[in-house]
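Encoded as structure tokens, the structure appears first; notes follow it.
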Amino acid sequence: CSPIVYVGQRKIPALLVGGLADPLVYPANHIRFARRCEETGTPCTLLLSENGGHCLEPVDPSRPSAPDMAAAQQAIAAFALACIGWEEG
């Protein structure tokens, strides 16, 4: 069963991270999931990396992925901290 069928049952924030050149998880799946979250009022953050593969590695080595892994890790950390209510200061 696809995870998308459960979206909206509980309004648990979702973080979707993927590469636009991912051959395993198609970007359309991330986009469809994010739209379903929006339709159901479920908080969702979508981060798609241009030229990123399955692990956000550059698929075309002559171009970097954007955002790269370091930026994605920062976004993941910020999302997790926001979910637990962490505030700097």
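In the structure tokens, chains take letters A, B, ... by order of appearance, with residues numbered from 1 within each chain and ligands from 1 in the order shown.
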Would you list the contacts of Ile76 (chain A) as an MDAnalysis selection string, taking every protein, DNA or RNA residue within 10 Å and counting only C-alpha atoms, but skipping same-chain residues closer than 2 positions in sequence?
-> chainID A and resid 15:17 45 47 70:74 78:82
Produce a table with one row for each residue of region 12-83 of chain A that has an atom at most 7 Å from any atom of region 2-8 of chain A, each row naming the nearest atom pair and its distance in Å at one decimal; use only C-alpha atoms; arrange rows by chain and rising residue number; format as CSV.
residue,atom,partner,partner_atom,distance
A:Phe33,CA,A:Ile4,CA,6.0
A:Arg36,CA,A:Val7,CA,6.8
A:Cys37,CA,A:Val7,CA,6.2
A:Thr40,CA,A:Gly8,CA,5.1
A:Thr42,CA,A:Gly8,CA,5.9
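Counting only C-alpha atoms and comparing A:Pro43, A:Gly53, A:Pro58, A:Gly85, the residue that lies closest to Leu24 (chain A) is A:Gly53.
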Shell of 9 Å around Leu46 (chain A), only C-alpha atoms, local chain residues under 2 positions omitted, as a VMD selection string | chain A and resid 14 to 18 30 to 31 34 44 48
So which residues of region 20-88 of chain A fall under strand (DSSP E or B) by DSSP, listed as a list of chain:residue names?
-> A:Cys44, A:Thr45, A:Leu46, A:Leu47, A:Leu48, A:Ser49, A:Glu50, A:Gly52, A:Pro58, A:Ala66
Near His54 (chain A), counting only C-alpha atoms, which residues have an atom at most 8 Å away, once you skip same-chain residues fewer than 5 positions from it, shown as number ranges by chain?
-> A: 18-19, 21-25
Contact residues around Pro64 (chain A) with only C-alpha atoms at 9 Å, ignoring same-chain residues under 6 positions, as number ranges by chain = A: 50-52, 57-58
Okay, now the selection with C-alpha atoms, as a PDB file, in the first residue's frame?
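In the end it all went to out-v5.pdb:
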ATOM      1  CA  GLU A  50      18.416  19.784  -9.378  1.00  0.00           C
ATOM      2  CA  ASN A  51      20.843  17.300 -10.944  1.00  0.00           C
ATOM      3  CA  GLY A  52      20.567  15.183  -7.790  1.00  0.00           C
ATOM      4  CA  GLU A  57      24.745  13.030  -5.652  1.00  0.00           C
ATOM      5  CA  PRO A  58      25.270  14.911  -8.932  1.00  0.00           C
TER       6      PRO A  58
END
Any idea what the distance is between CA of Ala66 (chain A) and CA of Ser49 (chain A)?
-> 5.2 Å
What is the distance between CA of Gly41 (chain A) and CA of Ile84 (chain A), in Å to one decimal?
->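 A separation of 19.2 Å between them.
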Those of region 21-89 of chain A in DSSP alpha helix (DSSP H), formatted as JSON, numbers by chain = {"A": [27, 28, 29, 30, 31, 32, 33, 34, 35, 36, 37, 38, 39, 40, 69, 70, 71, 72, 73, 74, 75, 76, 77, 78, 79, 80, 81, 82, 83]}
